[in-house]
file data15.txt (compact mmCIF, C-alpha atoms)
# COMPACT_ATOMS: atom_id res chain seq x y z
CA MET A 1 8.42 14.02 12.51
CA SER A 2 5.92 16.67 13.40
CA LEU A 3 2.95 16.40 15.75
CA VAL A 4 0.73 16.10 12.67
CA GLY A 5 2.77 13.11 11.55
CA TYR A 6 2.47 11.30 14.87
CA THR A 7 -1.28 12.01 15.02
CA LEU A 8 -1.65 10.64 11.50
CA ALA A 9 0.38 7.53 12.37
CA ILE A 10 -1.92 6.82 15.32
CA PHE A 11 -5.00 7.49 13.15
CA VAL A 12 -3.71 5.08 10.50
CA ILE A 13 -3.05 2.33 13.06
CA VAL A 14 -6.49 2.76 14.64
CA ALA A 15 -8.17 2.71 11.20
CA ALA A 16 -6.24 -0.43 10.24
CA LEU A 17 -7.21 -2.15 13.50
CA ALA A 18 -10.85 -1.15 12.96
CA THR A 19 -10.70 -2.55 9.41
CA ALA A 20 -9.42 -5.85 10.79
CA MET A 21 -11.86 -6.05 13.68
CA PHE A 22 -15.20 -4.82 12.25
CA ARG A 23 -17.39 -7.83 11.56
CA ASP A 24 -19.63 -5.96 9.13
CA VAL A 25 -17.90 -5.90 5.72
CA LEU A 26 -19.44 -2.55 4.71
CA SER A 27 -18.04 -0.89 7.86
CA ALA A 28 -14.64 -2.46 7.17
CA ILE A 29 -14.65 -1.09 3.59
CA ILE A 30 -15.55 2.43 4.72
CA VAL A 31 -12.90 2.44 7.46
CA PHE A 32 -10.39 1.13 4.91
CA GLY A 33 -11.18 4.15 2.71
CA ALA A 34 -10.42 6.42 5.66
CA TYR A 35 -7.20 4.47 6.25
CA SER A 36 -6.13 5.01 2.62
CA LEU A 37 -6.72 8.75 2.92
CA GLY A 38 -4.64 8.84 6.12
CA MET A 39 -1.85 7.01 4.32
CA ALA A 40 -2.07 9.47 1.42
CA ILE A 41 -1.57 12.41 3.78
CA LEU A 42 1.32 10.57 5.43
CA TYR A 43 2.97 10.13 2.00
CA THR A 44 2.62 13.89 1.46
CA LEU A 45 4.43 14.54 4.74
CA LEU A 46 7.17 12.17 3.56
CA LEU A 47 7.70 14.35 0.42
CA ALA A 48 5.82 12.14 -2.03
CA PRO A 49 2.78 14.19 -3.15
CA ASP A 50 2.61 12.29 -6.45
CA VAL A 51 2.32 8.97 -4.64
CA ALA A 52 -0.21 10.56 -2.29
CA MET A 53 -2.43 11.70 -5.16
CA THR A 54 -2.34 8.25 -6.75
CA GLU A 55 -3.08 6.60 -3.41
CA ALA A 56 -5.98 8.98 -2.72
CA ALA A 57 -7.48 8.46 -6.18
CA ILE A 58 -6.85 4.72 -6.49
CA GLY A 59 -6.56 3.46 -2.91
CA ALA A 60 -9.33 5.52 -1.36
CA GLY A 61 -11.38 5.97 -4.53
CA VAL A 62 -11.28 3.12 -7.02
CA THR A 63 -10.55 0.33 -4.49
CA THR A 64 -13.48 1.42 -2.31
CA ILE A 65 -15.80 1.53 -5.31
CA LEU A 66 -14.68 -1.94 -6.48
CA LEU A 67 -15.15 -3.38 -2.98
CA LEU A 68 -18.60 -1.79 -2.67
CA LEU A 69 -19.58 -3.14 -6.10
CA THR A 70 -18.46 -6.59 -5.01
CA ILE A 71 -20.59 -6.68 -1.87
CA ALA A 72 -23.49 -5.19 -3.87
CA LYS A 73 -23.20 -8.08 -6.34
CA THR A 74 -22.69 -10.74 -3.65
CA THR A 75 -23.82 -10.62 -0.05
CA ARG A 76 -23.20 -8.52 2.99
CA PRO A 77 -23.56 -10.96 5.87
CA THR A 78 -25.85 -9.58 8.55
CA THR A 79 -24.49 -9.79 12.04
CA ASP A 80 -25.48 -8.57 15.47
CA ARG A 81 -21.91 -8.59 16.78
CA LEU A 82 -19.89 -5.45 16.16
CA PHE A 83 -16.39 -6.97 16.26
CA GLU A 84 -14.77 -10.17 15.08
CA SER A 85 -13.66 -12.66 17.69
CA ILE A 86 -9.88 -12.80 17.98
CA ASP A 87 -8.14 -15.70 16.27
CA VAL A 88 -5.49 -16.61 18.89
CA PRO A 89 -3.18 -18.81 16.73
CA ALA A 90 -3.16 -16.19 13.95
CA LEU A 91 -2.50 -13.46 16.51
CA PHE A 92 0.41 -15.50 17.89
CA VAL A 93 1.98 -15.98 14.45
CA VAL A 94 1.51 -12.34 13.47
CA GLY A 95 2.74 -11.16 16.88
CA ALA A 96 5.91 -13.22 16.51
CA PHE A 97 6.39 -11.82 12.99
CA VAL A 98 6.06 -8.21 14.16
CA VAL A 99 8.22 -8.73 17.27
CA VAL A 100 11.01 -10.31 15.21
CA LEU A 101 10.85 -7.47 12.67
CA GLY A 102 10.72 -4.85 15.42
CA THR A 103 13.59 -6.19 17.52
CA GLN A 104 15.87 -7.59 14.82
CA VAL A 105 15.32 -5.48 11.72
CA LEU A 106 14.32 -2.07 13.10
CA PRO A 107 17.67 -1.31 14.85
CA GLU A 108 19.50 -2.15 11.61
CA MET A 109 17.52 0.35 9.54
CA TYR A 110 18.86 3.78 8.75
CA ALA A 111 17.04 6.64 10.48
CA VAL A 112 14.20 8.09 8.40
CA GLY A 113 15.55 11.00 6.38
CA ASP A 114 19.19 10.03 6.94
CA SER A 115 21.18 11.19 3.93
CA GLU A 116 23.69 8.37 4.57
CA ALA A 117 20.97 5.81 3.74
CA PRO A 118 21.49 3.43 0.79
CA VAL A 119 19.25 5.48 -1.48
CA TRP A 120 21.75 8.29 -1.09
CA SER A 121 24.93 6.23 -0.67
CA ASN A 122 25.63 6.74 -4.35
CA PRO A 123 24.36 10.30 -4.67
CA GLU A 124 25.49 10.58 -8.27
CA VAL A 125 22.56 8.40 -9.36
CA THR A 126 19.69 10.25 -7.68
CA GLN A 127 21.37 13.62 -8.11
CA ALA A 128 21.99 12.96 -11.81
CA TYR A 129 18.30 12.23 -12.36
CA LEU A 130 17.28 15.38 -10.49
CA GLU A 131 19.75 17.61 -12.33
CA GLN A 132 19.61 16.28 -15.88
CA THR A 133 15.88 15.59 -16.10
CA TYR A 134 15.00 18.84 -17.81
CA GLU A 135 17.86 18.72 -20.32
CA ASP A 136 17.21 15.07 -21.18
CA THR A 137 13.42 15.00 -21.37
CA GLY A 138 12.09 18.55 -21.25
CA VAL A 139 10.04 17.67 -18.18
CA GLN A 140 10.73 19.47 -14.91
CA ASN A 141 8.99 16.94 -12.67
CA ALA A 142 11.64 14.28 -11.99
CA VAL A 143 9.06 11.62 -11.10
CA THR A 144 7.13 12.08 -14.34
CA ALA A 145 10.37 12.08 -16.31
CA VAL A 146 11.54 8.78 -14.82
CA LEU A 147 8.08 7.23 -15.17
CA ALA A 148 7.41 8.22 -18.76
CA ALA A 149 10.84 8.74 -20.29
CA TYR A 150 13.74 6.97 -18.55
CA ARG A 151 11.62 3.98 -17.61
CA GLY A 152 8.99 4.31 -20.32
CA PHE A 153 9.24 0.64 -21.26
CA ASP A 154 8.49 -0.27 -17.66
CA THR A 155 5.37 1.86 -17.73
CA PHE A 156 4.42 0.20 -21.00
CA GLY A 157 4.81 -3.18 -19.25
CA GLU A 158 2.55 -1.87 -16.50
CA ALA A 159 -0.08 -1.03 -19.11
CA VAL A 160 0.22 -4.61 -20.40
CA VAL A 161 -0.39 -5.90 -16.84
CA VAL A 162 -3.49 -3.73 -16.50
CA PHE A 163 -4.72 -4.92 -19.90
CA ALA A 164 -4.15 -8.57 -18.91
CA ALA A 165 -5.99 -7.96 -15.62
CA GLY A 166 -8.90 -6.46 -17.54
CA ILE A 167 -9.08 -9.52 -19.81
CA ALA A 168 -8.84 -11.85 -16.80
CA THR A 169 -11.68 -10.00 -15.07
CA LEU A 170 -13.89 -10.23 -18.15
CA LEU A 171 -13.11 -13.94 -18.57
CA VAL A 172 -13.82 -14.74 -14.93
CA LEU A 173 -17.10 -12.84 -15.06
CA LYS A 174 -17.98 -14.40 -18.45
CA ARG A 175 -18.58 -11.02 -20.04
CA GLU A 176 -16.48 -11.47 -23.17
CA VAL A 177 -18.32 -10.02 -26.13
CA PHE A 178 -16.66 -11.92 -28.99
CA ALA A 179 -17.07 -15.44 -27.65
CA MET B 1 14.02 2.28 22.60
CA ILE B 2 12.17 5.61 22.47
CA GLU B 3 15.00 7.09 20.44
CA LEU B 4 14.84 4.13 18.07
CA LEU B 5 11.10 4.65 17.57
CA ALA B 6 11.49 8.40 17.15
CA THR B 7 14.11 8.10 14.41
CA ARG B 8 12.61 5.07 12.64
CA TYR B 9 8.90 5.83 13.10
CA ALA B 10 7.97 5.10 9.48
CA TYR B 11 9.54 1.63 9.60
CA ALA B 12 7.91 0.86 12.98
CA LEU B 13 4.55 1.95 11.55
CA MET B 14 5.20 -0.22 8.49
CA PHE B 15 5.87 -3.30 10.66
CA VAL B 16 2.65 -2.78 12.65
CA LEU B 17 0.61 -2.36 9.45
CA LEU B 18 2.28 -5.43 7.90
CA GLY B 19 1.19 -7.37 10.99
CA ILE B 20 -2.41 -6.14 10.78
CA GLY B 21 -2.60 -6.93 7.06
CA LEU B 22 -1.15 -10.41 7.60
CA TYR B 23 -3.58 -11.02 10.48
CA MET B 24 -6.52 -10.09 8.22
CA VAL B 25 -5.32 -12.47 5.50
CA ILE B 26 -4.95 -15.35 7.98
CA ALA B 27 -7.84 -14.79 10.37
CA SER B 28 -10.69 -13.24 8.35
CA GLU B 29 -13.24 -15.82 7.26
CA ASN B 30 -14.81 -13.44 4.75
CA LEU B 31 -13.03 -13.43 1.37
CA VAL B 32 -13.65 -9.70 0.78
CA LYS B 33 -11.99 -8.90 4.11
CA LYS B 34 -9.05 -11.12 3.20
CA LEU B 35 -8.55 -9.08 0.04
CA ILE B 36 -8.76 -5.84 2.06
CA GLY B 37 -5.97 -7.34 4.20
CA VAL B 38 -3.82 -7.87 1.10
CA ASN B 39 -4.37 -4.23 0.15
CA LEU B 40 -3.46 -3.10 3.66
CA PHE B 41 -0.23 -5.13 3.51
CA GLN B 42 0.52 -3.47 0.17
CA THR B 43 0.12 0.09 1.45
CA ALA B 44 2.55 -0.75 4.27
CA ILE B 45 5.16 -1.72 1.66
CA PHE B 46 4.48 1.55 -0.21
CA LEU B 47 5.12 3.39 3.06
CA PHE B 48 8.52 1.64 3.26
CA PHE B 49 9.53 2.81 -0.22
CA VAL B 50 8.34 6.37 0.40
CA ALA B 51 10.16 6.47 3.76
CA VAL B 52 13.37 5.22 2.11
CA ALA B 53 13.22 8.05 -0.43
CA TYR B 54 12.55 10.70 2.22
CA VAL B 55 15.49 12.95 3.09
CA GLU B 56 16.13 15.55 5.75
CA VAL B 57 18.70 18.32 5.81
CA ASP B 58 19.66 19.36 9.35
CA GLY B 59 16.39 18.04 10.73
CA GLU B 60 14.28 19.91 8.19
CA PRO B 61 12.47 17.98 5.44
CA GLY B 62 14.10 18.27 2.02
CA GLY B 63 12.19 19.17 -1.11
CA SER B 64 9.75 17.03 -3.05
CA PRO B 65 11.11 15.77 -6.40
CA VAL B 66 7.97 16.85 -8.27
CA VAL B 67 8.94 20.51 -8.16
CA PRO B 68 12.07 21.55 -9.99
CA ALA B 69 14.89 22.85 -7.84
CA THR B 70 14.70 26.60 -8.29
CA THR B 71 18.14 27.39 -6.95
CA GLU B 72 21.16 25.70 -8.43
CA PRO B 73 22.04 22.95 -5.97
CA ALA B 74 25.71 22.89 -5.06
CA ALA B 75 27.62 19.71 -5.89
CA GLY B 76 26.76 16.91 -3.48
CA ASP B 77 24.06 19.04 -1.85
CA LEU B 78 21.19 16.62 -1.25
CA ILE B 79 18.00 18.57 -0.86
CA LEU B 80 15.35 16.73 -2.88
CA ALA B 81 13.85 13.36 -1.99
CA SER B 82 14.84 10.59 -4.39
CA PRO B 83 12.33 10.25 -7.26
CA LEU B 84 13.21 6.61 -8.06
CA PRO B 85 11.34 4.83 -5.20
CA HIS B 86 8.36 7.10 -5.87
CA VAL B 87 8.18 5.86 -9.45
CA ILE B 88 8.31 2.22 -8.30
CA VAL B 89 5.46 2.87 -5.87
CA LEU B 90 3.36 4.57 -8.56
CA THR B 91 3.76 1.51 -10.76
CA ALA B 92 3.01 -0.82 -7.85
CA ILE B 93 -0.20 1.05 -6.90
CA VAL B 94 -1.60 0.68 -10.42
CA VAL B 95 -0.60 -2.99 -10.67
CA GLY B 96 -2.08 -3.51 -7.19
CA ILE B 97 -5.49 -2.15 -8.18
CA ALA B 98 -5.46 -4.38 -11.28
CA LEU B 99 -4.77 -7.44 -9.11
CA THR B 100 -7.46 -6.39 -6.64
CA ALA B 101 -9.94 -6.17 -9.51
CA VAL B 102 -9.08 -9.72 -10.64
CA GLY B 103 -9.38 -10.99 -7.05
CA LEU B 104 -12.77 -9.34 -6.61
CA ALA B 105 -13.97 -10.80 -9.92
CA LEU B 106 -12.95 -14.25 -8.64
CA ILE B 107 -14.87 -13.56 -5.42
CA VAL B 108 -17.99 -12.58 -7.39
CA ARG B 109 -17.64 -15.80 -9.40
CA ILE B 110 -17.15 -17.91 -6.25
CA HIS B 111 -20.32 -16.41 -4.81
CA ALA B 112 -22.20 -17.16 -8.02
CA GLU B 113 -21.04 -20.82 -7.93
CA TYR B 114 -21.24 -21.60 -4.22
CA GLY B 115 -23.51 -18.93 -2.76
CA THR B 116 -21.15 -18.01 0.06
CA LEU B 117 -18.18 -15.79 0.77
CA ARG B 118 -17.18 -17.43 4.04
CA GLU B 119 -14.14 -19.65 3.88
CA ASP B 120 -15.40 -22.28 6.37
CA THR B 121 -18.80 -22.62 4.64
CA LEU B 122 -17.03 -22.80 1.29
CA ARG B 123 -14.91 -25.71 2.53
CA GLU B 124 -18.03 -27.57 3.70
CA VAL B 125 -19.86 -26.98 0.42
CA ARG B 126 -16.87 -28.24 -1.56
CA ALA B 127 -16.49 -31.29 0.71
CA ASP B 128 -20.13 -32.23 0.08
CA GLU B 129 -19.68 -32.31 -3.68

call {"tool": "encode", "arguments": {"input": "data15.txt", "output": "structure tokens"}}
result
Amino acid sequence: MSLVGYTLAIFVIVAALATAMFRDVLSAIIVFGAYSLGMAILYTLLLAPDVAMTEAAIGAGVTTILLLLTIAKTTRPTTDRLFESIDVPALFVVGAFVVVLGTQVLPEMYAVGDSEAPVWSNPEVTQAYLEQTYEDTGVQNAVTAVLAAYRGFDTFGEAVVVFAAGIATLLVLKREVFA
Amino acid sequence: MIELLATRYAYALMFVLLGIGLYMVIASENLVKKLIGVNLFQTAIFLFFVAVAYVEVDGEPGGSPVVPATTEPAAGDLILASPLPHVIVLTAIVVGIALTAVGLALIVRIHAEYGTLREDTLREVRADE
């Protein structure tokens, strides 16, 4: 992990903490947008530029716009305090959760980038996708090929989910045209 | 301890972000902030998948699976990150935004019915009915 990576990790943690602690919802939304961008750059460093682009467009873009639309349509509570007060019981529960994960699960994980990790333990699978993608589908980008060709039905199911979510949103907002 | 953090930084970061997201869901009184917490939790899970796919060769990052391997990789030579977790995350991001949209629509509707977005006030209003 480079210096850039560590700086980004600290930036992401600070942005997440600010999102949690800002009392003003508008400030929280804006800081959350910054957090999403930080995460997108972190994904790029971890060799996933496709995920990073989607996260930047959807996480930092569309989510922020939806959240802003929501507080424009509802209320933005005015407050003179900058930060939330700390909820001690919640902090205790969450602290226990993180400590258990950190002490019990973290040592059992494979090192980041370890080629002995389970994703690579059966290299024929990943390697076969990477090598045969172009012959099988005519697409050189392995991620696109898996998304649209090998797992095309899955992506179709995803479109169904988005369609269902659209219908649910219209129903909840009572905007259906044909009723 | 330091060595553990240095080699498993992405997972450590994921655990911290999971904690912050969970804290927002539990502790925030404002419904919009609760939903931001859910989104934050989600991005931490995405980080886990991306970190699992990441691969290094002799301490140097491997290649990204979105560019075709220009040189013929030798048999068993693992140089590109695995594309499969990336695809799962792409699907999850799109499904996540759809769910966020439904949640925000419910929040708008709750505000239209009860005139508040705060959980404690909402409980009082509902108890009065």

call {"tool": "residues_around", "arguments": {"input": "data15.txt", "residues": "region 118-126 of chain B", "least_positions_apart": "2", "cutoff": "6 Å", "atoms": "all atoms listed in the file", "output": "PyMOL selection string"}}
result
chain B and resi 29-30+116+128-129

call {"tool": "residues_around", "arguments": {"input": "data15.txt", "residues": "region 12-14 of chain A", "least_positions_apart": "6", "cutoff": "10 Å", "atoms": "only C-alpha atoms", "output": "ChimeraX atom specification"}}
result
/A:6,20,31-32,34-39,42 /B:13-14,16-17,20

call {"tool": "closest_residue", "arguments": {"input": "data15.txt", "among": "B:Leu31, B:Val25, B:Ile2, B:Leu84", "to": "Val125 (chain A)", "atoms": "only C-alpha atoms"}}
result
B:Leu84

call {"tool": "residues_around", "arguments": {"input": "data15.txt", "residues": "Ala44 (chain B)", "least_positions_apart": "3", "cutoff": "7 Å", "atoms": "only C-alpha atoms", "output": "list in words"}}
result
Met14, Leu17, Leu18, Leu40, Phe41, Leu47 and Phe48 of chain B

call {"tool": "write_last_selection", "arguments": {"input": "data15.txt", "atoms": "C-alpha atoms", "output": "PDB file, in the frame of the given file"}}
result
ATOM      1  CA  MET B  14       5.200  -0.220   8.490  1.00  0.00           C
ATOM      2  CA  LEU B  17       0.610  -2.360   9.450  1.00  0.00           C
ATOM      3  CA  LEU B  18       2.280  -5.430   7.900  1.00  0.00           C
ATOM      4  CA  LEU B  40      -3.460  -3.100   3.660  1.00  0.00           C
ATOM      5  CA  PHE B  41      -0.230  -5.130   3.510  1.00  0.00           C
ATOM      6  CA  LEU B  47       5.120   3.390   3.060  1.00  0.00           C
ATOM      7  CA  PHE B  48       8.520   1.640   3.260  1.00  0.00           C
TER       8      PHE B  48
END

call {"tool": "axis_aligned_box", "arguments": {"input": "data15.txt", "around": "region 30-41 of chain A", "padding_each_side": "6 Å", "output": "JSON"}}
result
{"center_x": -8.6, "center_y": 6.8, "center_z": 4.4, "size_x": 26.0, "size_y": 23.3, "size_z": 18.0}

call {"tool": "closest_residue", "arguments": {"input": "data15.txt", "among": "B:Val57, B:Ile110, B:Ile36, B:Val52", "to": "Met24 (chain B)", "atoms": "all atoms listed in the file"}}
result
B:Ile36

call {"tool": "residues_around", "arguments": {"input": "data15.txt", "residues": "region 76-90 of chain A", "least_positions_apart": "5", "cutoff": "7 Å", "atoms": "all atoms listed in the file", "output": "list of chain:residue names"}}
result
A:Met21, A:Phe22, A:Arg23, A:Asp24, A:Val25, A:Ile71, B:Tyr23, B:Ile26, B:Ala27

call {"tool": "residues_around", "arguments": {"input": "data15.txt", "residues": "Met109 (chain A)", "least_positions_apart": "5", "cutoff": "10 Å", "atoms": "all atoms listed in the file", "output": "PyMOL selection string"}}
result
(chain A and resi 104+117) or (chain B and resi 4+7-8+11+52)

call {"tool": "closest_residue", "arguments": {"input": "data15.txt", "among": "B:Leu5, B:Ala112, B:Val38, B:Val32", "to": "Leu67 (chain A)", "atoms": "all atoms listed in the file"}}
result
B:Val32

call {"tool": "closest_residue", "arguments": {"input": "data15.txt", "among": "A:Leu47, A:Val4, A:Val162, A:Ala18", "to": "Gly113 (chain A)", "atoms": "only C-alpha atoms"}}
result
A:Leu47

call {"tool": "atom_distance", "arguments": {"input": "data15.txt", "atom1": "CA of Ala164 (chain A)", "atom2": "CA of Glu113 (chain B)"}}
result
23.6 Å

call {"tool": "atom_distance", "arguments": {"input": "data15.txt", "atom1": "CA of Gln127 (chain A)", "atom2": "CA of Asp114 (chain A)"}}
result
15.6 Å

call {"tool": "closest_residue", "arguments": {"input": "data15.txt", "among": "B:Ile79, B:Leu104, B:Leu22, B:Ala10", "to": "Phe92 (chain A)", "atoms": "only C-alpha atoms"}}
result
B:Leu22

call {"tool": "decode", "arguments": {"input": "data15.txt", "residues": "region 111-145 of chain A", "atoms": "N, CA and C atoms", "output": "PDB file, in the first residue's frame"}}
result
ATOM      1  N   ALA A 111      -3.644 -11.908   3.628  1.00  0.00           N
ATOM      2  CA  ALA A 111      -3.104 -10.571   3.393  1.00  0.00           C
ATOM      3  C   ALA A 111      -3.679 -10.022   2.090  1.00  0.00           C
ATOM      4  N   VAL A 112      -3.871  -8.698   2.035  1.00  0.00           N
ATOM      5  CA  VAL A 112      -4.407  -8.079   0.827  1.00  0.00           C
ATOM      6  C   VAL A 112      -3.417  -8.277  -0.318  1.00  0.00           C
ATOM      7  N   GLY A 113      -3.905  -8.818  -1.430  1.00  0.00           N
ATOM      8  CA  GLY A 113      -3.034  -9.032  -2.578  1.00  0.00           C
ATOM      9  C   GLY A 113      -2.340 -10.383  -2.579  1.00  0.00           C
ATOM     10  N   ASP A 114      -2.593 -11.200  -1.542  1.00  0.00           N
ATOM     11  CA  ASP A 114      -1.981 -12.524  -1.453  1.00  0.00           C
ATOM     12  C   ASP A 114      -2.545 -13.416  -2.554  1.00  0.00           C
ATOM     13  N   SER A 115      -1.669 -13.986  -3.383  1.00  0.00           N
ATOM     14  CA  SER A 115      -2.189 -14.820  -4.469  1.00  0.00           C
ATOM     15  C   SER A 115      -2.532 -16.230  -3.979  1.00  0.00           C
ATOM     16  N   GLU A 116      -2.360 -16.494  -2.663  1.00  0.00           N
ATOM     17  CA  GLU A 116      -2.833 -17.766  -2.105  1.00  0.00           C
ATOM     18  C   GLU A 116      -4.267 -17.645  -1.598  1.00  0.00           C
ATOM     19  N   ALA A 117      -4.840 -16.436  -1.668  1.00  0.00           N
ATOM     20  CA  ALA A 117      -6.178 -16.193  -1.121  1.00  0.00           C
ATOM     21  C   ALA A 117      -7.230 -17.019  -1.862  1.00  0.00           C
ATOM     22  N   PRO A 118      -8.391 -17.244  -1.220  1.00  0.00           N
ATOM     23  CA  PRO A 118      -9.410 -18.122  -1.815  1.00  0.00           C
ATOM     24  C   PRO A 118      -9.816 -17.746  -3.232  1.00  0.00           C
ATOM     25  N   VAL A 119      -9.799 -16.441  -3.551  1.00  0.00           N
ATOM     26  CA  VAL A 119     -10.175 -16.070  -4.917  1.00  0.00           C
ATOM     27  C   VAL A 119      -9.234 -16.731  -5.915  1.00  0.00           C
ATOM     28  N   TRP A 120      -7.992 -16.909  -5.492  1.00  0.00           N
ATOM     29  CA  TRP A 120      -6.998 -17.482  -6.396  1.00  0.00           C
ATOM     30  C   TRP A 120      -6.707 -18.942  -6.108  1.00  0.00           C
ATOM     31  N   SER A 121      -7.350 -19.529  -5.077  1.00  0.00           N
ATOM     32  CA  SER A 121      -6.978 -20.882  -4.684  1.00  0.00           C
ATOM     33  C   SER A 121      -7.310 -21.878  -5.783  1.00  0.00           C
ATOM     34  N   ASN A 122      -8.258 -21.511  -6.645  1.00  0.00           N
ATOM     35  CA  ASN A 122      -8.539 -22.349  -7.798  1.00  0.00           C
ATOM     36  C   ASN A 122      -8.287 -21.499  -9.036  1.00  0.00           C
ATOM     37  N   PRO A 123      -7.017 -21.267  -9.361  1.00  0.00           N
ATOM     38  CA  PRO A 123      -6.696 -20.253 -10.381  1.00  0.00           C
ATOM     39  C   PRO A 123      -7.273 -20.580 -11.741  1.00  0.00           C
ATOM     40  N   GLU A 124      -7.648 -21.843 -11.963  1.00  0.00           N
ATOM     41  CA  GLU A 124      -8.205 -22.166 -13.278  1.00  0.00           C
ATOM     42  C   GLU A 124      -9.458 -21.351 -13.559  1.00  0.00           C
ATOM     43  N   VAL A 125     -10.248 -21.063 -12.513  1.00  0.00           N
ATOM     44  CA  VAL A 125     -11.514 -20.361 -12.744  1.00  0.00           C
ATOM     45  C   VAL A 125     -11.256 -18.940 -13.216  1.00  0.00           C
ATOM     46  N   THR A 126     -10.579 -18.140 -12.353  1.00  0.00           N
ATOM     47  CA  THR A 126     -10.319 -16.749 -12.711  1.00  0.00           C
ATOM     48  C   THR A 126      -9.499 -16.653 -13.984  1.00  0.00           C
ATOM     49  N   GLN A 127      -8.448 -17.501 -14.053  1.00  0.00           N
ATOM     50  CA  GLN A 127      -7.546 -17.459 -15.202  1.00  0.00           C
ATOM     51  C   GLN A 127      -8.290 -17.827 -16.485  1.00  0.00           C
ATOM     52  N   ALA A 128      -9.220 -18.791 -16.387  1.00  0.00           N
ATOM     53  CA  ALA A 128      -9.972 -19.189 -17.574  1.00  0.00           C
ATOM     54  C   ALA A 128     -10.805 -18.027 -18.082  1.00  0.00           C
ATOM     55  N   TYR A 129     -11.455 -17.297 -17.155  1.00  0.00           N
ATOM     56  CA  TYR A 129     -12.231 -16.134 -17.587  1.00  0.00           C
ATOM     57  C   TYR A 129     -11.338 -15.129 -18.287  1.00  0.00           C
ATOM     58  N   LEU A 130     -10.163 -14.848 -17.656  1.00  0.00           N
ATOM     59  CA  LEU A 130      -9.287 -13.817 -18.222  1.00  0.00           C
ATOM     60  C   LEU A 130      -8.765 -14.222 -19.599  1.00  0.00           C
ATOM     61  N   GLU A 131      -8.488 -15.529 -19.783  1.00  0.00           N
ATOM     62  CA  GLU A 131      -7.851 -15.947 -21.029  1.00  0.00           C
ATOM     63  C   GLU A 131      -8.849 -16.189 -22.156  1.00  0.00           C
ATOM     64  N   GLN A 132     -10.033 -16.719 -21.808  1.00  0.00           N
ATOM     65  CA  GLN A 132     -10.959 -17.121 -22.866  1.00  0.00           C
ATOM     66  C   GLN A 132     -11.991 -16.067 -23.215  1.00  0.00           C
ATOM     67  N   THR A 133     -11.980 -14.955 -22.451  1.00  0.00           N
ATOM     68  CA  THR A 133     -13.004 -13.935 -22.647  1.00  0.00           C
ATOM     69  C   THR A 133     -13.132 -13.504 -24.110  1.00  0.00           C
ATOM     70  N   TYR A 134     -11.989 -13.206 -24.723  1.00  0.00           N
ATOM     71  CA  TYR A 134     -12.063 -12.651 -26.078  1.00  0.00           C
ATOM     72  C   TYR A 134     -12.567 -13.683 -27.072  1.00  0.00           C
ATOM     73  N   GLU A 135     -12.070 -14.930 -26.950  1.00  0.00           N
ATOM     74  CA  GLU A 135     -12.542 -15.978 -27.863  1.00  0.00           C
ATOM     75  C   GLU A 135     -14.037 -16.224 -27.694  1.00  0.00           C
ATOM     76  N   ASP A 136     -14.493 -16.256 -26.417  1.00  0.00           N
ATOM     77  CA  ASP A 136     -15.878 -16.630 -26.153  1.00  0.00           C
ATOM     78  C   ASP A 136     -16.855 -15.531 -26.542  1.00  0.00           C
ATOM     79  N   THR A 137     -16.501 -14.281 -26.218  1.00  0.00           N
ATOM     80  CA  THR A 137     -17.495 -13.210 -26.322  1.00  0.00           C
ATOM     81  C   THR A 137     -17.106 -12.111 -27.287  1.00  0.00           C
ATOM     82  N   GLY A 138     -15.861 -12.033 -27.682  1.00  0.00           N
ATOM     83  CA  GLY A 138     -15.434 -10.950 -28.553  1.00  0.00           C
ATOM     84  C   GLY A 138     -15.231  -9.642 -27.818  1.00  0.00           C
ATOM     85  N   VAL A 139     -15.245  -9.707 -26.483  1.00  0.00           N
ATOM     86  CA  VAL A 139     -15.014  -8.500 -25.683  1.00  0.00           C
ATOM     87  C   VAL A 139     -13.690  -8.666 -24.965  1.00  0.00           C
ATOM     88  N   GLN A 140     -12.847  -7.621 -24.985  1.00  0.00           N
ATOM     89  CA  GLN A 140     -11.540  -7.768 -24.357  1.00  0.00           C
ATOM     90  C   GLN A 140     -11.578  -7.473 -22.866  1.00  0.00           C
ATOM     91  N   ASN A 141     -12.544  -6.638 -22.446  1.00  0.00           N
ATOM     92  CA  ASN A 141     -12.662  -6.293 -21.037  1.00  0.00           C
ATOM     93  C   ASN A 141     -13.350  -7.444 -20.298  1.00  0.00           C
ATOM     94  N   ALA A 142     -12.591  -8.123 -19.408  1.00  0.00           N
ATOM     95  CA  ALA A 142     -13.118  -9.312 -18.750  1.00  0.00           C
ATOM     96  C   ALA A 142     -14.339  -8.982 -17.894  1.00  0.00           C
ATOM     97  N   VAL A 143     -14.339  -7.801 -17.265  1.00  0.00           N
ATOM     98  CA  VAL A 143     -15.462  -7.450 -16.394  1.00  0.00           C
ATOM     99  C   VAL A 143     -16.743  -7.281 -17.204  1.00  0.00           C
ATOM    100  N   THR A 144     -16.643  -6.565 -18.322  1.00  0.00           N
ATOM    101  CA  THR A 144     -17.812  -6.387 -19.188  1.00  0.00           C
ATOM    102  C   THR A 144     -18.305  -7.729 -19.701  1.00  0.00           C
ATOM    103  N   ALA A 145     -17.351  -8.597 -20.075  1.00  0.00           N
ATOM    104  CA  ALA A 145     -17.735  -9.891 -20.636  1.00  0.00           C
ATOM    105  C   ALA A 145     -18.513 -10.707 -19.614  1.00  0.00           C
TER     106      ALA A 145
END
